[in-house]
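Chemist: Structure below; questions to follow.
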2 protein chains.
Amino acid sequence: MSTVIFTLRRHPEQDRPAIVLPLVRRTRDPFEGLWALPGGWLDAREGLDATASRTLAETTGLTPSYLEQLYAFGDVDRSPTRVVSIVYWALLRADEVDAQVAAHAADGDAPENVEWFAAAELPELAFDHNTIVDYALWRLRNKVGYSRIAHGLLPDEFTLADLREAYEAILGRRLDPANFRRQVEGSGTLIPTESFRTGSHRPARLYRYNQDVELADRGPLARLVQPAASAESR
Amino acid sequence: MSTVIFTLRRHPEQDRPAIVLPLVRRTRDPFEGLWALPGGWLDAREGLDATASRTLAETTGLTPSYLEQLYAFGDVDRSPTRVVSIVYWALLRADEVDAQVAAHAADGDAPENVEWFAAAELPELAFDHNTIVDYALWRLRNKVGYSRIAHGLLPDEFTLADLREAYEAILGRRLDPANFRRQVEGSGTLIPTESFRTGSHRPARLYRYNQDVELADRGPLARLVQPAASAESR
């Protein structure tokens, strides 16, 4: 089991956010020294979702706000021994990442060998993990179009520019601000607040997501599949 | 591994097609005597897609035109022993089902214990297979909206009424004929032929699908994942 967990961070060299993910450096063969997705082995008495949550917490200390099964990868040559990996993907806001990391540091149990990488600038990863990340990014790009999935990456209140930059980071292309505003305002997924963000630019209204719209439609499994420890109220 | 394979058949008691699927009667415990999805065990030297194709052929004699991984089901209580099932879903046209079944009958190797059931009228199935079929139907309904996936259920040439009835069977609701015509004609996925179907009604033009449009967008995996024996030319 492995999990691709995405968050949104301002790129250190650019004035716009980028999709980033945590990787764990392998300390033994196969692929010793290479970076790999966080993960671990399925426990015989544990469901798949629970295993994904547990192994993610054990390796990175993170508890995601959104967790969904991605795909089972089982090519015979993906590992020296035959391993089928059931992969999950997850979202977590940057402020929640920071809070969770700080809490672990205060407790003296900060995870080891973990670093964050921009999804667009990954090194060669262990196993077929580059392929897995590509597929997870494709799923994220597809989902963002027909759900409020970007909410899993944004704070409770955000400006339309924040939301557009999140979409731009996910889709990997620039969006026309006027068209974007028209589309999201017409979608019924956003609720304007009475607050504004002030600063160097003219004040920008803050919005929040309409919680009546599902984060993502997972169909009949939605009532069966719940992240073991979800920060998203349903 | 199990596979949900759908085809479209005229319902015996209704004048419209319905989604049907083959099930295999279990001849041993657990769930002896109950119907179950066709499937079998993963071979150590075989990829997941190849296993899905092989086990489907071994149990039902069928080779689908479309095959895609659906989901991994792994609840701890889904079977008396711990079994994670990686489930595929598949489509096959009724005329191809008939041809494949006839070929097996002529060879004297017709599969045993297989019967077809209307997806909307299933009995209680073994394991969590009712849940799996529900999820596969949901995936089918979602895919039909943004791809030419219905092609996997229709002959090469079909009328707009044939196509609408296929959509109605998948979606489980009636569609307005005029709206439907407008939407599919505007989608660029259909090519009108110079042929017409004649009969008791006025002649109806036959259409075929534009093969330049992908059957379904499977993203970065499309170049990796190919059914072992696909009747769909790509």
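We name chains A, B, ... following the order of the structure tokens; residues begin at 1 in each chain, and ligands are numbered from 1 as shown.
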Could you find all residues in range 84-126 of chain A that DSSP calls strand (DSSP E or B) from the backbone, and write them as a PyMOL selection string?

Modeler: chain A and resi 85-91+114-118+125

Chemist: Take the residues from that selection and write them out as a CSV table (one decimal), in the first residue's frame, keeping C-alpha atoms.

Modeler:
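Output saved as again.csv:
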```csv
chain,number,residue,atom,x,y,z
A,85,SER,CA,0.4,-2.2,-4.5
A,86,ILE,CA,-3.1,-0.8,-3.8
A,87,VAL,CA,-2.5,2.9,-4.0
A,88,TYR,CA,-4.5,5.7,-2.3
A,89,TRP,CA,-4.3,9.4,-3.0
A,90,ALA,CA,-5.0,12.1,-0.5
A,91,LEU,CA,-5.2,15.9,-0.1
A,114,VAL,CA,10.7,12.7,4.7
A,115,GLU,CA,11.0,15.6,2.2
A,116,TRP,CA,8.6,17.5,0.1
A,117,PHE,CA,9.0,17.7,-3.7
A,118,ALA,CA,7.2,19.7,-6.4
A,125,LEU,CA,11.6,7.4,-7.8
```

Chemist: I'd like the contact shell of range 15-19 of chain A - 6 Å cut-off, only C-alpha atoms, skipping same-chain residues fewer than 4 positions apart - returned as a PDB file with all heavy atoms, in the first residue's frame.

Modeler:
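As written to disk, result.pdb reads:
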```pdb
ATOM      1  N   THR A   7      -0.361  18.543  -1.457  1.00  0.00           N
ATOM      2  CA  THR A   7      -0.749  19.821  -0.879  1.00  0.00           C
ATOM      3  C   THR A   7      -0.311  20.921  -1.838  1.00  0.00           C
ATOM      4  O   THR A   7       0.300  20.663  -2.868  1.00  0.00           O
ATOM      5  CB  THR A   7      -0.191  20.003   0.545  1.00  0.00           C
ATOM      6  OG1 THR A   7      -0.852  21.107   1.159  1.00  0.00           O
ATOM      7  CG2 THR A   7       1.298  20.250   0.554  1.00  0.00           C
ATOM      8  N   LEU A   8      -0.696  22.141  -1.486  1.00  0.00           N
ATOM      9  CA  LEU A   8      -0.452  23.284  -2.364  1.00  0.00           C
ATOM     10  C   LEU A   8       0.453  24.242  -1.602  1.00  0.00           C
ATOM     11  O   LEU A   8       0.110  24.681  -0.498  1.00  0.00           O
ATOM     12  CB  LEU A   8      -1.813  23.938  -2.661  1.00  0.00           C
ATOM     13  CG  LEU A   8      -1.957  24.905  -3.812  1.00  0.00           C
ATOM     14  CD1 LEU A   8      -1.708  24.213  -5.139  1.00  0.00           C
ATOM     15  CD2 LEU A   8      -3.362  25.507  -3.778  1.00  0.00           C
ATOM     16  N   ARG A   9       1.629  24.570  -2.191  1.00  0.00           N
ATOM     17  CA  ARG A   9       2.594  25.450  -1.540  1.00  0.00           C
ATOM     18  C   ARG A   9       3.057  26.495  -2.534  1.00  0.00           C
ATOM     19  O   ARG A   9       3.224  26.177  -3.708  1.00  0.00           O
ATOM     20  CB  ARG A   9       3.857  24.678  -1.137  1.00  0.00           C
ATOM     21  CG  ARG A   9       3.679  23.739  -0.021  1.00  0.00           C
ATOM     22  CD  ARG A   9       4.131  24.374   1.255  1.00  0.00           C
ATOM     23  NE  ARG A   9       3.944  23.417   2.341  1.00  0.00           N
ATOM     24  CZ  ARG A   9       3.691  23.775   3.589  1.00  0.00           C
ATOM     25  NH1 ARG A   9       3.606  25.068   3.900  1.00  0.00           N
ATOM     26  NH2 ARG A   9       3.518  22.876   4.514  1.00  0.00           N
ATOM     27  N   ARG A  10       3.320  27.684  -2.028  1.00  0.00           N
ATOM     28  CA  ARG A  10       3.926  28.677  -2.893  1.00  0.00           C
ATOM     29  C   ARG A  10       5.316  28.177  -3.285  1.00  0.00           C
ATOM     30  O   ARG A  10       6.101  27.768  -2.436  1.00  0.00           O
ATOM     31  CB  ARG A  10       4.016  30.015  -2.162  1.00  0.00           C
ATOM     32  CG  ARG A  10       3.693  31.211  -3.012  1.00  0.00           C
ATOM     33  CD  ARG A  10       3.005  32.305  -2.226  1.00  0.00           C
ATOM     34  NE  ARG A  10       1.551  32.188  -2.393  1.00  0.00           N
ATOM     35  CZ  ARG A  10       0.887  32.628  -3.469  1.00  0.00           C
ATOM     36  NH1 ARG A  10       1.527  33.211  -4.470  1.00  0.00           N
ATOM     37  NH2 ARG A  10      -0.423  32.473  -3.556  1.00  0.00           N
ATOM     38  N   HIS A  11       5.576  28.117  -4.566  1.00  0.00           N
ATOM     39  CA  HIS A  11       6.877  27.657  -5.061  1.00  0.00           C
ATOM     40  C   HIS A  11       7.953  28.641  -4.625  1.00  0.00           C
ATOM     41  O   HIS A  11       7.770  29.852  -4.746  1.00  0.00           O
ATOM     42  CB  HIS A  11       6.812  27.551  -6.585  1.00  0.00           C
ATOM     43  CG  HIS A  11       7.965  26.811  -7.180  1.00  0.00           C
ATOM     44  ND1 HIS A  11       9.224  27.340  -7.258  1.00  0.00           N
ATOM     45  CD2 HIS A  11       8.040  25.565  -7.728  1.00  0.00           C
ATOM     46  CE1 HIS A  11      10.033  26.453  -7.839  1.00  0.00           C
ATOM     47  NE2 HIS A  11       9.334  25.366  -8.126  1.00  0.00           N
ATOM     48  N   ALA A 118       8.188  19.196  -5.427  1.00  0.00           N
ATOM     49  CA  ALA A 118       7.194  19.686  -6.386  1.00  0.00           C
ATOM     50  C   ALA A 118       6.842  18.546  -7.330  1.00  0.00           C
ATOM     51  O   ALA A 118       7.730  17.866  -7.864  1.00  0.00           O
ATOM     52  CB  ALA A 118       7.750  20.870  -7.175  1.00  0.00           C
ATOM     53  N   ALA A 119       5.520  18.327  -7.541  1.00  0.00           N
ATOM     54  CA  ALA A 119       5.084  17.201  -8.377  1.00  0.00           C
ATOM     55  C   ALA A 119       5.626  17.310  -9.793  1.00  0.00           C
ATOM     56  O   ALA A 119       5.833  16.291 -10.459  1.00  0.00           O
ATOM     57  CB  ALA A 119       3.553  17.144  -8.387  1.00  0.00           C
ATOM     58  N   ALA A 169      -2.490  25.577 -10.626  1.00  0.00           N
ATOM     59  CA  ALA A 169      -1.434  24.658 -10.185  1.00  0.00           C
ATOM     60  C   ALA A 169      -1.814  23.219 -10.519  1.00  0.00           C
ATOM     61  O   ALA A 169      -0.980  22.418 -10.948  1.00  0.00           O
ATOM     62  CB  ALA A 169      -1.201  24.803  -8.676  1.00  0.00           C
TER      63      ALA A 169
END
```

Chemist: What are the coordinates of chain A as a compact mmCIF listing (two decimals) with C-alpha atoms, in the first residue's frame following a least-squares fit to chain B on all in-order C-alpha atoms?

Modeler:
```txt
# COMPACT_ATOMS: atom_id res chain seq x y z
CA MET A 1 -9.85 -10.99 -8.99
CA SER A 2 -13.40 -10.61 -10.29
CA THR A 3 -14.88 -8.93 -13.35
CA VAL A 4 -18.24 -7.27 -13.85
CA ILE A 5 -19.01 -7.59 -17.56
CA PHE A 6 -22.00 -5.70 -18.90
CA THR A 7 -23.91 -6.10 -22.13
CA LEU A 8 -27.15 -4.65 -23.43
CA ARG A 9 -30.11 -6.96 -24.16
CA ARG A 10 -33.72 -6.38 -24.96
CA HIS A 11 -35.56 -7.20 -21.74
CA PRO A 12 -37.79 -10.26 -22.32
CA GLU A 13 -40.83 -8.54 -20.79
CA GLN A 14 -40.20 -4.98 -21.99
CA ASP A 15 -39.75 -3.44 -25.41
CA ARG A 16 -36.48 -1.79 -24.45
CA PRO A 17 -32.91 -2.91 -23.78
CA ALA A 18 -31.55 -3.46 -20.29
CA ILE A 19 -28.05 -3.85 -18.82
CA VAL A 20 -27.34 -7.54 -18.14
CA LEU A 21 -24.31 -9.38 -16.74
CA PRO A 22 -23.16 -13.01 -16.47
CA LEU A 23 -22.86 -14.66 -13.06
CA VAL A 24 -21.37 -18.01 -12.08
CA ARG A 25 -23.06 -20.33 -9.57
CA ARG A 26 -20.71 -21.29 -6.76
CA THR A 27 -20.18 -25.02 -6.43
CA ARG A 28 -18.39 -24.95 -3.06
CA ASP A 29 -18.11 -23.04 0.19
CA PRO A 30 -18.17 -20.25 1.07
CA PHE A 31 -21.55 -19.21 -0.33
CA GLU A 32 -22.10 -22.56 -2.11
CA GLY A 33 -25.13 -22.33 -4.42
CA LEU A 34 -25.17 -18.54 -4.58
CA TRP A 35 -24.36 -16.59 -7.73
CA ALA A 36 -21.06 -14.70 -7.91
CA LEU A 37 -19.08 -12.57 -10.33
CA PRO A 38 -16.76 -14.48 -12.69
CA GLY A 39 -13.18 -14.48 -11.43
CA GLY A 40 -10.19 -16.39 -10.17
CA TRP A 41 -6.81 -16.10 -8.51
CA LEU A 42 -3.91 -13.89 -9.50
CA ASP A 43 -1.04 -15.81 -11.07
CA ALA A 44 2.43 -14.85 -9.80
CA ARG A 45 3.79 -14.35 -13.34
CA GLU A 46 0.83 -12.42 -14.73
CA GLY A 47 -0.15 -8.72 -14.73
CA LEU A 48 -3.49 -7.64 -13.28
CA ASP A 49 -5.13 -6.90 -16.65
CA ALA A 50 -3.98 -10.25 -18.04
CA THR A 51 -5.37 -12.05 -14.99
CA ALA A 52 -8.73 -10.33 -15.40
CA SER A 53 -8.89 -11.35 -19.08
CA ARG A 54 -7.79 -14.92 -18.36
CA THR A 55 -10.14 -15.60 -15.45
CA LEU A 56 -13.07 -14.08 -17.36
CA ALA A 57 -12.33 -16.32 -20.36
CA GLU A 58 -11.91 -19.41 -18.16
CA THR A 59 -15.22 -18.94 -16.33
CA THR A 60 -17.47 -17.49 -19.04
CA GLY A 61 -15.63 -17.96 -22.36
CA LEU A 62 -15.98 -14.23 -23.03
CA THR A 63 -13.41 -11.73 -24.38
CA PRO A 64 -14.57 -8.14 -23.77
CA SER A 65 -14.17 -5.15 -26.10
CA TYR A 66 -13.45 -2.86 -23.15
CA LEU A 67 -11.75 -3.80 -19.89
CA GLU A 68 -10.74 -1.46 -17.08
CA GLN A 69 -9.78 -1.79 -13.45
CA LEU A 70 -12.68 -0.80 -11.19
CA TYR A 71 -11.60 -0.91 -7.54
CA ALA A 72 -9.88 -3.07 -4.95
CA PHE A 73 -12.34 -4.39 -2.38
CA GLY A 74 -10.75 -5.45 0.90
CA ASP A 75 -13.12 -5.16 3.87
CA VAL A 76 -11.94 -7.61 6.51
CA ASP A 77 -15.39 -9.26 6.74
CA ARG A 78 -16.12 -9.61 3.01
CA SER A 79 -15.07 -13.28 3.05
CA PRO A 80 -14.56 -15.87 5.82
CA THR A 81 -10.80 -15.60 5.18
CA ARG A 82 -9.05 -12.34 4.40
CA VAL A 83 -9.27 -11.81 0.64
CA VAL A 84 -8.56 -8.55 -1.17
CA SER A 85 -10.26 -8.65 -4.57
CA ILE A 86 -9.06 -6.41 -7.39
CA VAL A 87 -12.14 -6.00 -9.54
CA TYR A 88 -12.32 -5.14 -13.24
CA TRP A 89 -15.29 -4.07 -15.26
CA ALA A 90 -15.85 -4.79 -18.91
CA LEU A 91 -18.22 -4.18 -21.79
CA LEU A 92 -19.18 -6.51 -24.64
CA ARG A 93 -21.80 -6.12 -27.36
CA ALA A 94 -24.68 -8.59 -27.38
CA ASP A 95 -23.84 -9.75 -30.92
CA GLU A 96 -20.26 -10.48 -29.85
CA VAL A 97 -21.50 -12.36 -26.77
CA ASP A 98 -23.69 -14.49 -29.05
CA ALA A 99 -20.83 -15.15 -31.47
CA GLN A 100 -18.40 -16.08 -28.69
CA VAL A 101 -20.95 -18.32 -26.96
CA ALA A 102 -21.79 -20.04 -30.27
CA ALA A 103 -18.09 -20.63 -31.01
CA HIS A 104 -17.59 -22.31 -27.63
CA ALA A 105 -20.72 -24.44 -28.10
CA ALA A 106 -19.44 -25.58 -31.53
CA ASP A 107 -16.12 -26.51 -29.91
CA GLY A 108 -17.93 -28.43 -27.15
CA ASP A 109 -16.38 -26.29 -24.39
CA ALA A 110 -19.38 -24.21 -23.33
CA PRO A 111 -18.82 -22.78 -19.83
CA GLU A 112 -20.87 -24.33 -17.04
CA ASN A 113 -22.95 -22.74 -14.29
CA VAL A 114 -23.16 -19.39 -16.08
CA GLU A 115 -26.39 -17.40 -16.39
CA TRP A 116 -27.19 -13.82 -17.37
CA PHE A 117 -29.10 -11.52 -15.03
CA ALA A 118 -30.59 -8.04 -15.42
CA ALA A 119 -28.41 -5.67 -13.37
CA ALA A 120 -31.52 -4.08 -11.88
CA GLU A 121 -32.96 -7.43 -10.71
CA LEU A 122 -30.08 -9.30 -9.07
CA PRO A 123 -30.59 -11.96 -6.41
CA GLU A 124 -28.45 -11.93 -3.25
CA LEU A 125 -24.92 -12.61 -4.46
CA ALA A 126 -21.92 -14.24 -2.75
CA PHE A 127 -19.40 -12.10 -0.80
CA ASP A 128 -19.84 -8.32 -1.33
CA HIS A 129 -20.66 -8.81 -5.00
CA ASN A 130 -23.95 -6.85 -4.87
CA THR A 131 -21.97 -3.83 -3.66
CA ILE A 132 -19.40 -4.37 -6.40
CA VAL A 133 -22.06 -4.47 -9.14
CA ASP A 134 -23.65 -1.27 -7.75
CA TYR A 135 -20.29 0.45 -7.90
CA ALA A 136 -19.62 -0.79 -11.45
CA LEU A 137 -23.03 0.52 -12.58
CA TRP A 138 -22.22 3.89 -11.03
CA ARG A 139 -18.89 3.98 -12.88
CA LEU A 140 -20.67 3.09 -16.15
CA ARG A 141 -23.25 5.86 -15.59
CA ASN A 142 -20.47 8.38 -14.93
CA LYS A 143 -18.39 7.37 -17.92
CA VAL A 144 -21.24 7.42 -20.41
CA GLY A 145 -21.59 11.16 -19.97
CA TYR A 146 -18.15 12.19 -21.15
CA SER A 147 -16.95 9.50 -23.55
CA ARG A 148 -18.14 7.23 -26.31
CA ILE A 149 -18.25 4.35 -23.84
CA ALA A 150 -21.75 3.33 -25.00
CA HIS A 151 -19.99 2.19 -28.18
CA GLY A 152 -18.78 -0.83 -26.24
CA LEU A 153 -22.42 -1.93 -26.04
CA LEU A 154 -23.66 -1.09 -29.56
CA PRO A 155 -23.06 -2.56 -33.04
CA ASP A 156 -20.89 -0.65 -35.52
CA GLU A 157 -23.90 1.14 -37.01
CA PHE A 158 -26.92 2.22 -35.00
CA THR A 159 -29.79 4.65 -35.08
CA LEU A 160 -30.13 7.59 -32.70
CA ALA A 161 -33.01 5.70 -31.09
CA ASP A 162 -30.68 2.71 -30.46
CA LEU A 163 -28.14 5.03 -28.86
CA ARG A 164 -30.76 6.80 -26.77
CA GLU A 165 -32.15 3.48 -25.52
CA ALA A 166 -28.62 2.42 -24.55
CA TYR A 167 -28.19 5.64 -22.56
CA GLU A 168 -31.62 5.16 -20.99
CA ALA A 169 -30.72 1.61 -19.93
CA ILE A 170 -27.44 2.80 -18.42
CA LEU A 171 -28.87 5.87 -16.70
CA GLY A 172 -32.09 4.16 -15.59
CA ARG A 173 -34.32 6.99 -16.82
CA ARG A 174 -36.03 8.20 -20.00
CA LEU A 175 -34.41 10.91 -22.13
CA ASP A 176 -36.16 13.46 -24.32
CA PRO A 177 -35.53 12.34 -27.96
CA ALA A 178 -35.19 15.89 -29.37
CA ASN A 179 -32.79 17.05 -26.64
CA PHE A 180 -30.80 13.84 -26.96
CA ARG A 181 -30.46 14.24 -30.73
CA ARG A 182 -29.27 17.83 -30.32
CA GLN A 183 -26.66 16.88 -27.71
CA VAL A 184 -25.12 13.93 -29.54
CA GLU A 185 -25.12 15.74 -32.88
CA GLY A 186 -23.28 18.63 -31.24
CA SER A 187 -20.73 16.38 -29.51
CA GLY A 188 -18.69 15.44 -32.59
CA THR A 189 -18.59 11.79 -31.52
CA LEU A 190 -21.05 10.53 -34.17
CA ILE A 191 -20.65 10.26 -37.95
CA PRO A 192 -23.82 9.91 -40.07
CA THR A 193 -23.73 7.15 -42.70
CA GLU A 194 -25.66 7.04 -45.99
CA SER A 195 -27.60 3.99 -44.76
CA PHE A 196 -31.06 3.86 -43.24
CA ARG A 197 -32.88 1.24 -41.23
CA THR A 198 -36.30 0.51 -42.66
CA GLY A 199 -39.15 -1.38 -41.08
CA SER A 200 -42.48 -0.65 -39.47
CA HIS A 201 -41.44 2.95 -38.70
CA ARG A 202 -40.19 5.62 -41.05
CA PRO A 203 -36.59 5.04 -42.21
CA ALA A 204 -34.01 5.96 -39.53
CA ARG A 205 -30.49 7.03 -40.46
CA LEU A 206 -27.66 4.85 -39.23
CA TYR A 207 -24.69 6.42 -37.47
CA ARG A 208 -21.30 5.19 -36.43
CA TYR A 209 -18.91 6.44 -33.77
CA ASN A 210 -16.01 8.71 -34.61
CA GLN A 211 -13.03 6.44 -33.91
CA ASP A 212 -10.81 9.48 -33.36
CA VAL A 213 -12.56 10.01 -30.02
CA GLU A 214 -11.18 7.71 -27.33
CA LEU A 215 -13.61 5.11 -25.99
CA ALA A 216 -12.84 6.49 -22.54
CA ASP A 217 -10.06 8.69 -21.27
CA ARG A 218 -7.95 6.53 -19.00
CA GLY A 219 -5.18 9.09 -18.78
CA PRO A 220 -1.53 8.14 -18.44
CA LEU A 221 -2.41 4.48 -17.90
CA ALA A 222 -3.97 4.20 -21.37
CA ARG A 223 -0.55 3.63 -22.91
CA LEU A 224 0.32 1.10 -20.22
CA VAL A 225 -2.93 -0.76 -19.76
CA GLN A 226 -4.18 -2.78 -22.71
CA PRO A 227 -6.65 -5.64 -22.47
CA ALA A 228 -4.79 -8.87 -23.23
CA ALA A 229 -7.12 -9.65 -26.11
CA SER A 230 -9.08 -6.61 -27.20
CA ALA A 231 -11.57 -6.54 -30.05
CA GLU A 232 -11.41 -2.72 -29.97
CA SER A 233 -8.87 -1.36 -32.47
CA ARG A 234 -6.92 1.58 -31.11
```

Chemist: Based on the backbone DSSP call, show me all residues of range 24-214 of chain A assigned alpha helix (DSSP H), as a PyMOL selection string.

Modeler: chain A and resi 48-60+94-107+129-144+160-171+177-187

Chemist: Mind dumping the selected residues with C-alpha atoms as an mmCIF file, in the first residue's frame?

Modeler:
```cif
data_model
loop_
_atom_site.group_PDB
_atom_site.id
_atom_site.type_symbol
_atom_site.label_atom_id
_atom_site.label_comp_id
_atom_site.auth_asym_id
_atom_site.auth_seq_id
_atom_site.Cartn_x
_atom_site.Cartn_y
_atom_site.Cartn_z
ATOM 1 C CA LEU A 48 -7.773 -1.008 2.935
ATOM 2 C CA ASP A 49 -8.724 2.572 3.851
ATOM 3 C CA ALA A 50 -7.566 2.053 7.442
ATOM 4 C CA THR A 51 -4.249 0.648 6.217
ATOM 5 C CA ALA A 52 -3.712 3.647 3.949
ATOM 6 C CA SER A 53 -4.389 6.045 6.849
ATOM 7 C CA ARG A 54 -2.190 4.109 9.263
ATOM 8 C CA THR A 55 0.826 3.688 6.977
ATOM 9 C CA LEU A 56 0.644 7.354 5.956
ATOM 10 C CA ALA A 57 0.601 8.421 9.614
ATOM 11 C CA GLU A 58 3.451 6.052 10.522
ATOM 12 C CA THR A 59 5.755 7.265 7.739
ATOM 13 C CA THR A 60 4.914 10.981 7.519
ATOM 14 C CA ALA A 94 -0.666 23.441 3.738
ATOM 15 C CA ASP A 95 -1.764 25.007 7.039
ATOM 16 C CA GLU A 96 -2.861 21.589 8.319
ATOM 17 C CA VAL A 97 0.436 20.044 7.188
ATOM 18 C CA ASP A 98 2.281 22.732 9.158
ATOM 19 C CA ALA A 99 0.121 22.210 12.247
ATOM 20 C CA GLN A 100 0.519 18.416 12.141
ATOM 21 C CA VAL A 101 4.286 18.642 11.567
ATOM 22 C CA ALA A 102 4.641 21.153 14.435
ATOM 23 C CA ALA A 103 2.639 18.906 16.775
ATOM 24 C CA HIS A 104 4.915 15.947 16.031
ATOM 25 C CA ALA A 105 8.037 18.091 16.504
ATOM 26 C CA ALA A 106 6.724 19.273 19.896
ATOM 27 C CA ASP A 107 6.141 15.634 20.870
ATOM 28 C CA HIS A 129 6.278 5.431 -8.286
ATOM 29 C CA ASN A 130 6.820 8.060 -11.017
ATOM 30 C CA THR A 131 4.029 6.404 -13.012
ATOM 31 C CA ILE A 132 1.822 6.321 -9.921
ATOM 32 C CA VAL A 133 2.313 10.046 -9.242
ATOM 33 C CA ASP A 134 1.514 10.849 -12.901
ATOM 34 C CA TYR A 135 -1.699 8.884 -12.621
ATOM 35 C CA ALA A 136 -2.647 10.568 -9.325
ATOM 36 C CA LEU A 137 -2.087 14.007 -10.884
ATOM 37 C CA TRP A 138 -4.314 13.020 -13.800
ATOM 38 C CA ARG A 139 -7.038 11.914 -11.376
ATOM 39 C CA LEU A 140 -6.716 15.215 -9.472
ATOM 40 C CA ARG A 141 -6.980 17.207 -12.731
ATOM 41 C CA ASN A 142 -10.091 15.259 -13.725
ATOM 42 C CA LYS A 143 -11.790 15.597 -10.361
ATOM 43 C CA VAL A 144 -11.198 19.315 -10.008
ATOM 44 C CA LEU A 160 -11.217 33.986 -6.127
ATOM 45 C CA ALA A 161 -7.559 34.595 -7.001
ATOM 46 C CA ASP A 162 -6.519 31.940 -4.431
ATOM 47 C CA LEU A 163 -8.977 29.487 -5.962
ATOM 48 C CA ARG A 164 -7.884 30.285 -9.503
ATOM 49 C CA GLU A 165 -4.215 29.807 -8.584
ATOM 50 C CA ALA A 166 -5.091 26.426 -7.042
ATOM 51 C CA TYR A 167 -6.822 25.392 -10.278
ATOM 52 C CA GLU A 168 -3.872 26.692 -12.302
ATOM 53 C CA ALA A 169 -1.434 24.658 -10.185
ATOM 54 C CA ILE A 170 -3.544 21.521 -10.606
ATOM 55 C CA LEU A 171 -4.210 21.964 -14.322
ATOM 56 C CA PRO A 177 -9.568 35.542 -14.447
ATOM 57 C CA ALA A 178 -12.861 36.921 -15.838
ATOM 58 C CA ASN A 179 -13.954 33.587 -17.337
ATOM 59 C CA PHE A 180 -12.945 31.779 -14.172
ATOM 60 C CA ARG A 181 -14.958 34.155 -11.974
ATOM 61 C CA ARG A 182 -18.020 33.705 -14.180
ATOM 62 C CA GLN A 183 -17.784 29.909 -14.096
ATOM 63 C CA VAL A 184 -17.310 29.483 -10.351
ATOM 64 C CA GLU A 185 -19.957 32.085 -9.518
ATOM 65 C CA GLY A 186 -22.402 30.210 -11.738
ATOM 66 C CA SER A 187 -21.562 26.797 -10.260
#
```
